[in-house]
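K.L.:
Sharing a structure here in structure tokens format.
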Amino acid sequence: MPDHKQDQTQAQVEVQAQVRGKARRGGWAAQTGVFLAVAFVAAGTCGALQPATGIPPEVLQLTQFGPALAVAAAALLWPARIRDRLAGTLPARAGRPAERAPRPPATGRAALLLTPALIIALSAGGLLLTSGTLPATNPGALAHPLALLAAAQLLGACAEEIGWRCYLQPLLRTRFGPVTASALVGTAWGLWHVPALAQGPAYAAGFLTATVALSVILGLALERVRSNRLLLAGAFHTLVNLGMLLVTDETAPAAAPMLVFGAACLAAALPWLARARARARRTATAPDRITAATAHDAR
């Protein structure tokens, strides 16, 4: 085939890839709007119906399926795009179609699941330094067995994470970078917890700081994960919630413990941000394979 025909064919392939990429990215605002609308309406509806159902409020809070219902609603409207989102497919780039992320090292997954222990340790230390006491919850004083609460936490966390990290995060990644997308998901995630925001401005500020920082950790940790995303996100979410239950008195929410918890989450997010920045710097400075090969042949 003559060179000019090869160039023409290659140009057509690139144009088609760009069109597909724009089509995949173009509906992100509509998909985000539908997801958030259904998630928030479902949460409000469950809260309004709770007194009539007789379901204990803490059980309802732990098994909140609003985000999962929102994903189902989005799947009805955009069925062709849901599979890639839930599978963790990387967003389409200009000039090439979407691709699956490479498998991350096991150390990254272990670091993610160990981060809740760091957050709880920082929270406990911060509370002891600032107040001299640790308002911990006695597991024996809980209204339900700890094992039942842990199971409900995992169920509810996975129902949430289907929406937050398995759908909304990849969706926003088609438009924003990993840190910005994670921060936006964390903001929506925090605002979705309306009862927590009703505890007062200071409590709400600490809670929103925590959700944004936790979302950044999860977003960066899952950036290259293409399998077991839901289980990893749900396990992380559950461990954080159980840690909060033990180091803060959730039966009588106070602003100071939540502010300390938010600061602890922010501190735990800093190493993940530094790691992501270092990786981005290495990627930016690494020579392109085609350019390097061409330069070598030229010599």
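Each chain in the structure tokens gets a letter, A, B, ..., in the order shown, and its residues are numbered from 1; ligands are numbered from 1 in order too.
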Would you write out, as JSON lines, a table of all residues in stretch 162-262 of chain A that have an atom no more than 12 Å from an atom of stretch 74-83 of chain A, listing for each the closest atom pair and the distance in Å to one decimal, considering only C-alpha atoms and ordering rows by chain and rising residue number?

P.N.:
```
{"residue": "A:Ile162", "atom": "CA", "partner": "A:Ile82", "partner_atom": "CA", "distance": 11.2}
{"residue": "A:Gly163", "atom": "CA", "partner": "A:Ala74", "partner_atom": "CA", "distance": 10.2}
{"residue": "A:Cys166", "atom": "CA", "partner": "A:Ile82", "partner_atom": "CA", "distance": 9.7}
{"residue": "A:Tyr167", "atom": "CA", "partner": "A:Ile82", "partner_atom": "CA", "distance": 7.6}
{"residue": "A:Leu168", "atom": "CA", "partner": "A:Ile82", "partner_atom": "CA", "distance": 10.5}
{"residue": "A:Pro170", "atom": "CA", "partner": "A:Ile82", "partner_atom": "CA", "distance": 10.1}
{"residue": "A:Leu171", "atom": "CA", "partner": "A:Ile82", "partner_atom": "CA", "distance": 9.5}
{"residue": "A:Thr174", "atom": "CA", "partner": "A:Arg81", "partner_atom": "CA", "distance": 11.9}
{"residue": "A:Arg226", "atom": "CA", "partner": "A:Arg83", "partner_atom": "CA", "distance": 11.8}
```

K.L.:
Include N, CA, C and O atoms and write out the residues we just selected as an mmCIF file, in the first residue's frame.

P.N.:
```
data_model
loop_
_atom_site.group_PDB
_atom_site.id
_atom_site.type_symbol
_atom_site.label_atom_id
_atom_site.label_comp_id
_atom_site.auth_asym_id
_atom_site.auth_seq_id
_atom_site.Cartn_x
_atom_site.Cartn_y
_atom_site.Cartn_z
ATOM 1 N N ILE A 162 -20.691 0.771 45.309
ATOM 2 C CA ILE A 162 -21.106 0.516 43.929
ATOM 3 C C ILE A 162 -21.308 1.840 43.208
ATOM 4 O O ILE A 162 -20.953 1.997 42.030
ATOM 5 N N GLY A 163 -21.857 2.808 43.943
ATOM 6 C CA GLY A 163 -22.101 4.109 43.345
ATOM 7 C C GLY A 163 -20.923 5.048 43.387
ATOM 8 O O GLY A 163 -20.551 5.632 42.361
ATOM 9 N N CYS A 166 -17.187 2.769 42.287
ATOM 10 C CA CYS A 166 -17.253 1.901 41.107
ATOM 11 C C CYS A 166 -17.977 2.550 39.934
ATOM 12 O O CYS A 166 -17.811 2.116 38.797
ATOM 13 N N TYR A 167 -18.783 3.577 40.186
ATOM 14 C CA TYR A 167 -19.485 4.244 39.094
ATOM 15 C C TYR A 167 -19.105 5.714 38.962
ATOM 16 O O TYR A 167 -18.608 6.149 37.921
ATOM 17 N N LEU A 168 -19.330 6.505 40.032
ATOM 18 C CA LEU A 168 -19.134 7.947 39.911
ATOM 19 C C LEU A 168 -17.665 8.308 39.716
ATOM 20 O O LEU A 168 -17.345 9.204 38.927
ATOM 21 N N PRO A 170 -15.073 6.525 38.221
ATOM 22 C CA PRO A 170 -14.663 6.360 36.820
ATOM 23 C C PRO A 170 -15.384 7.319 35.880
ATOM 24 O O PRO A 170 -14.807 7.749 34.870
ATOM 25 N N LEU A 171 -16.635 7.655 36.197
ATOM 26 C CA LEU A 171 -17.364 8.591 35.348
ATOM 27 C C LEU A 171 -16.709 9.966 35.351
ATOM 28 O O LEU A 171 -16.462 10.555 34.297
ATOM 29 N N THR A 174 -13.478 10.598 33.366
ATOM 30 C CA THR A 174 -13.506 10.892 31.943
ATOM 31 C C THR A 174 -13.395 12.382 31.677
ATOM 32 O O THR A 174 -13.160 12.789 30.540
ATOM 33 N N ARG A 226 -8.410 -3.062 38.367
ATOM 34 C CA ARG A 226 -9.445 -3.473 37.423
ATOM 35 C C ARG A 226 -10.237 -4.680 37.920
ATOM 36 O O ARG A 226 -11.142 -5.155 37.232
#
```

K.L.:
What is the distance between atom CA of A:Ser123 and atom CA of A:Ile217, in Å to one decimal?

P.N.:
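So the two atoms, atom CA of A:Ser123 and atom CA of A:Ile217, lie 16.6 Å apart.
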
K.L.:
So what do you get for atom CA of A:Gly262 versus atom CA of A:Ser215, distance-wise?

P.N.:
12.1 Å

K.L.:
Can you tell me how far atom CA of A:Ala150 sits from atom CA of A:Leu36, in Å to one decimal?

P.N.:
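It comes out at 26.7 Å.
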
K.L.:
List as an mmCIF file with all heavy atoms, in the first residue's frame the protein and nucleic acid residues near A:Phe261, meaning an atom at most 9 Å away when only C-alpha atoms are counted, but skip any in the same chain fewer than 4 places from it.

P.N.:
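The new file out11.cif reads:
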```cif
data_model
loop_
_atom_site.group_PDB
_atom_site.id
_atom_site.type_symbol
_atom_site.label_atom_id
_atom_site.label_comp_id
_atom_site.auth_asym_id
_atom_site.auth_seq_id
_atom_site.Cartn_x
_atom_site.Cartn_y
_atom_site.Cartn_z
ATOM 1 N N ILE A 119 -5.497 5.821 60.382
ATOM 2 C CA ILE A 119 -6.450 6.897 60.656
ATOM 3 C C ILE A 119 -6.976 6.813 62.084
ATOM 4 O O ILE A 119 -7.057 7.825 62.799
ATOM 5 C CB ILE A 119 -7.607 6.837 59.642
ATOM 6 C CG1 ILE A 119 -7.103 7.182 58.247
ATOM 7 C CG2 ILE A 119 -8.740 7.783 60.049
ATOM 8 C CD1 ILE A 119 -8.129 6.964 57.154
ATOM 9 N N ILE A 120 -7.336 5.620 62.516
ATOM 10 C CA ILE A 120 -7.877 5.458 63.864
ATOM 11 C C ILE A 120 -6.798 5.740 64.909
ATOM 12 O O ILE A 120 -7.073 6.358 65.954
ATOM 13 C CB ILE A 120 -8.453 4.049 64.041
ATOM 14 C CG1 ILE A 120 -9.567 3.811 63.008
ATOM 15 C CG2 ILE A 120 -8.988 3.858 65.444
ATOM 16 C CD1 ILE A 120 -10.618 4.888 62.962
ATOM 17 N N LEU A 122 -4.228 7.798 64.549
ATOM 18 C CA LEU A 122 -4.053 9.246 64.559
ATOM 19 C C LEU A 122 -5.215 9.935 65.276
ATOM 20 O O LEU A 122 -5.015 10.909 66.017
ATOM 21 C CB LEU A 122 -3.934 9.777 63.136
ATOM 22 C CG LEU A 122 -2.665 9.401 62.369
ATOM 23 C CD1 LEU A 122 -2.763 9.856 60.914
ATOM 24 C CD2 LEU A 122 -1.440 10.012 63.030
ATOM 25 N N SER A 123 -6.422 9.433 65.063
ATOM 26 C CA SER A 123 -7.584 10.008 65.734
ATOM 27 C C SER A 123 -7.494 9.829 67.239
ATOM 28 O O SER A 123 -7.744 10.776 68.009
ATOM 29 C CB SER A 123 -8.876 9.360 65.213
ATOM 30 O OG SER A 123 -9.039 9.579 63.834
ATOM 31 N N ALA A 124 -7.153 8.621 67.675
ATOM 32 C CA ALA A 124 -7.039 8.363 69.110
ATOM 33 C C ALA A 124 -5.952 9.221 69.740
ATOM 34 O O ALA A 124 -6.141 9.811 70.811
ATOM 35 C CB ALA A 124 -6.763 6.877 69.341
ATOM 36 N N GLY A 126 -4.782 12.085 68.588
ATOM 37 C CA GLY A 126 -5.206 13.483 68.570
ATOM 38 C C GLY A 126 -6.200 13.798 69.668
ATOM 39 O O GLY A 126 -6.134 14.861 70.310
ATOM 40 N N LEU A 127 -7.128 12.884 69.935
ATOM 41 C CA LEU A 127 -8.107 13.106 71.002
ATOM 42 C C LEU A 127 -7.441 13.109 72.371
ATOM 43 O O LEU A 127 -7.795 13.910 73.247
ATOM 44 C CB LEU A 127 -9.195 12.037 70.933
ATOM 45 C CG LEU A 127 -10.164 12.143 69.754
ATOM 46 C CD1 LEU A 127 -11.041 10.910 69.660
ATOM 47 C CD2 LEU A 127 -11.017 13.398 69.898
ATOM 48 N N GLY A 206 -15.728 18.957 59.893
ATOM 49 C CA GLY A 206 -14.868 17.796 60.129
ATOM 50 C C GLY A 206 -15.295 16.596 59.311
ATOM 51 O O GLY A 206 -14.458 15.865 58.765
ATOM 52 N N PHE A 207 -16.603 16.392 59.200
ATOM 53 C CA PHE A 207 -17.110 15.249 58.446
ATOM 54 C C PHE A 207 -16.793 15.387 56.963
ATOM 55 O O PHE A 207 -16.357 14.418 56.319
ATOM 56 C CB PHE A 207 -18.618 15.126 58.660
ATOM 57 C CG PHE A 207 -19.215 13.886 58.066
ATOM 58 C CD1 PHE A 207 -19.164 12.680 58.738
ATOM 59 C CD2 PHE A 207 -19.831 13.923 56.825
ATOM 60 C CE1 PHE A 207 -19.705 11.533 58.199
ATOM 61 C CE2 PHE A 207 -20.382 12.780 56.270
ATOM 62 C CZ PHE A 207 -20.322 11.580 56.954
ATOM 63 N N THR A 209 -14.398 17.156 55.615
ATOM 64 C CA THR A 209 -12.946 16.981 55.452
ATOM 65 C C THR A 209 -12.600 15.507 55.388
ATOM 66 O O THR A 209 -11.782 15.069 54.567
ATOM 67 C CB THR A 209 -12.197 17.655 56.600
ATOM 68 O OG1 THR A 209 -12.489 19.055 56.617
ATOM 69 C CG2 THR A 209 -10.691 17.467 56.460
ATOM 70 N N ALA A 210 -13.242 14.725 56.261
ATOM 71 C CA ALA A 210 -12.977 13.282 56.293
ATOM 72 C C ALA A 210 -13.416 12.609 55.004
ATOM 73 O O ALA A 210 -12.669 11.803 54.427
ATOM 74 C CB ALA A 210 -13.685 12.661 57.498
ATOM 75 N N MET A 244 -14.382 4.426 63.568
ATOM 76 C CA MET A 244 -15.105 5.592 64.084
ATOM 77 C C MET A 244 -16.018 5.201 65.238
ATOM 78 O O MET A 244 -16.147 5.930 66.231
ATOM 79 C CB MET A 244 -15.942 6.224 62.973
ATOM 80 C CG MET A 244 -15.166 6.997 61.939
ATOM 81 S SD MET A 244 -16.282 7.706 60.686
ATOM 82 C CE MET A 244 -17.297 8.775 61.718
ATOM 83 N N THR A 248 -15.039 7.248 68.578
ATOM 84 C CA THR A 248 -15.922 8.400 68.758
ATOM 85 C C THR A 248 -17.252 7.903 69.298
ATOM 86 O O THR A 248 -17.684 6.784 68.992
ATOM 87 C CB THR A 248 -16.173 9.149 67.434
ATOM 88 O OG1 THR A 248 -16.824 8.272 66.524
ATOM 89 C CG2 THR A 248 -14.868 9.642 66.837
ATOM 90 N N ALA A 256 -15.665 18.167 68.434
ATOM 91 C CA ALA A 256 -14.220 18.004 68.597
ATOM 92 C C ALA A 256 -13.711 16.654 68.078
ATOM 93 O O ALA A 256 -12.743 16.617 67.303
ATOM 94 C CB ALA A 256 -13.828 18.210 70.055
ATOM 95 N N PRO A 257 -14.323 15.513 68.453
ATOM 96 C CA PRO A 257 -13.843 14.238 67.908
ATOM 97 C C PRO A 257 -13.933 14.163 66.384
ATOM 98 O O PRO A 257 -13.051 13.597 65.733
ATOM 99 C CB PRO A 257 -14.750 13.199 68.579
ATOM 100 C CG PRO A 257 -15.225 13.854 69.817
ATOM 101 C CD PRO A 257 -15.373 15.299 69.469
ATOM 102 N N CYS A 265 -7.818 11.879 58.830
ATOM 103 C CA CYS A 265 -8.024 11.413 57.454
ATOM 104 C C CYS A 265 -7.190 12.234 56.472
ATOM 105 O O CYS A 265 -6.599 11.689 55.531
ATOM 106 C CB CYS A 265 -9.497 11.501 57.088
ATOM 107 S SG CYS A 265 -10.569 10.373 58.006
ATOM 108 N N LEU A 266 -7.135 13.537 56.709
ATOM 109 C CA LEU A 266 -6.346 14.405 55.837
ATOM 110 C C LEU A 266 -4.867 14.055 55.918
ATOM 111 O O LEU A 266 -4.166 13.996 54.894
ATOM 112 C CB LEU A 266 -6.574 15.866 56.224
ATOM 113 C CG LEU A 266 -5.960 16.928 55.315
ATOM 114 C CD1 LEU A 266 -6.498 16.803 53.895
ATOM 115 C CD2 LEU A 266 -6.239 18.321 55.869
#
```

K.L.:
Can you pull out every residue from stretch 58-292 of chain A that DSSP, working from the backbone, puts in alpha helix (DSSP H), and format the result as JSON, numbers by chain?

P.N.:
{"A": [58, 59, 60, 61, 62, 66, 67, 68, 69, 70, 71, 72, 73, 74, 75, 76, 77, 79, 80, 81, 82, 83, 84, 85, 86, 87, 106, 107, 108, 109, 110, 111, 112, 113, 114, 115, 116, 117, 118, 119, 120, 121, 122, 123, 124, 125, 126, 127, 128, 129, 130, 131, 146, 147, 148, 149, 150, 151, 152, 153, 154, 155, 156, 157, 158, 159, 160, 161, 162, 163, 169, 170, 171, 172, 173, 178, 179, 180, 181, 182, 183, 184, 185, 186, 187, 188, 189, 190, 191, 192, 194, 195, 196, 197, 201, 202, 203, 204, 205, 206, 207, 208, 209, 210, 211, 212, 213, 214, 215, 216, 217, 218, 219, 220, 221, 229, 230, 231, 232, 233, 234, 235, 236, 237, 238, 239, 240, 241, 242, 243, 244, 245, 246, 247, 255, 256, 257, 258, 259, 260, 261, 262, 263, 264, 265, 266, 267, 268, 269, 270, 271, 272, 273, 274, 275, 276, 277, 278, 279, 280, 281, 282, 283, 284, 285, 289, 290, 291, 292]}

K.L.:
With only C-alpha atoms as the atoms that count, which of A:Ala264, A:Leu242, A:Ala274, A:Leu49 lies nearest to A:Leu149?

P.N.:
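Using only C-alpha atoms, the shortest distance to A:Leu149 belongs to A:Leu242.
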
K.L.:
Using only C-alpha atoms, which protein or nucleic acid residues come within 7 Å of stretch 229-233 of chain A? Drop anything in the same chain fewer than 4 positions from it, and give the result as an NGL selection string.

P.N.:
:A and (158 or 161-162 or 166 or 218 or 222 or 225 or 237)

K.L.:
Using only C-alpha atoms, which of A:Pro201, A:Gly108, A:Gly234, A:Gly44 sits nearest A:Arg275?

P.N.:
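Between A:Pro201, A:Gly108, A:Gly234, A:Gly44, the residue approaching A:Arg275 most closely is A:Gly108.
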
K.L.:
Between A:Arg173, A:Pro51, A:Phe65, A:Arg109, which one has atoms that come closest to A:Ala29, using only C-alpha atoms?

P.N.:
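Selected residue with least distance to A:Ala29: A:Arg173.
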
K.L.:
Compile the contact shell of A:Ala276 as a list in words: residues with an atom at most 12 Å away, counting only C-alpha atoms, same-chain residues fewer than 2 positions apart removed.

P.N.:
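So the residues in contact are Gly108, Gly177, Pro178, Val179, Val216, Ile217, Gly219, Leu220, Ala221, Leu222, Glu223, Arg224, Ala269, Leu270, Pro271, Trp272, Leu273, Ala274, Ala278, Arg279, Ala280, Arg281, Arg282 and Thr283 of chain A.
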
K.L.:
Which residues are close to A:Leu191, i.e. within 12 Å by only C-alpha atoms, leaving aside same-chain residues fewer than 2 positions away? Reply as a VMD selection string.

P.N.:
chain A and resid 36 39 to 40 43 184 to 189 193 to 198 204 to 205 207 to 212

K.L.:
Have a look at A:Ala121, A:Ala268, A:Ala235, A:Ala37 and name the one nearest to A:Gln153; count only C-alpha atoms.

P.N.:
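Distance minimum relative to A:Gln153 lands on A:Ala235.
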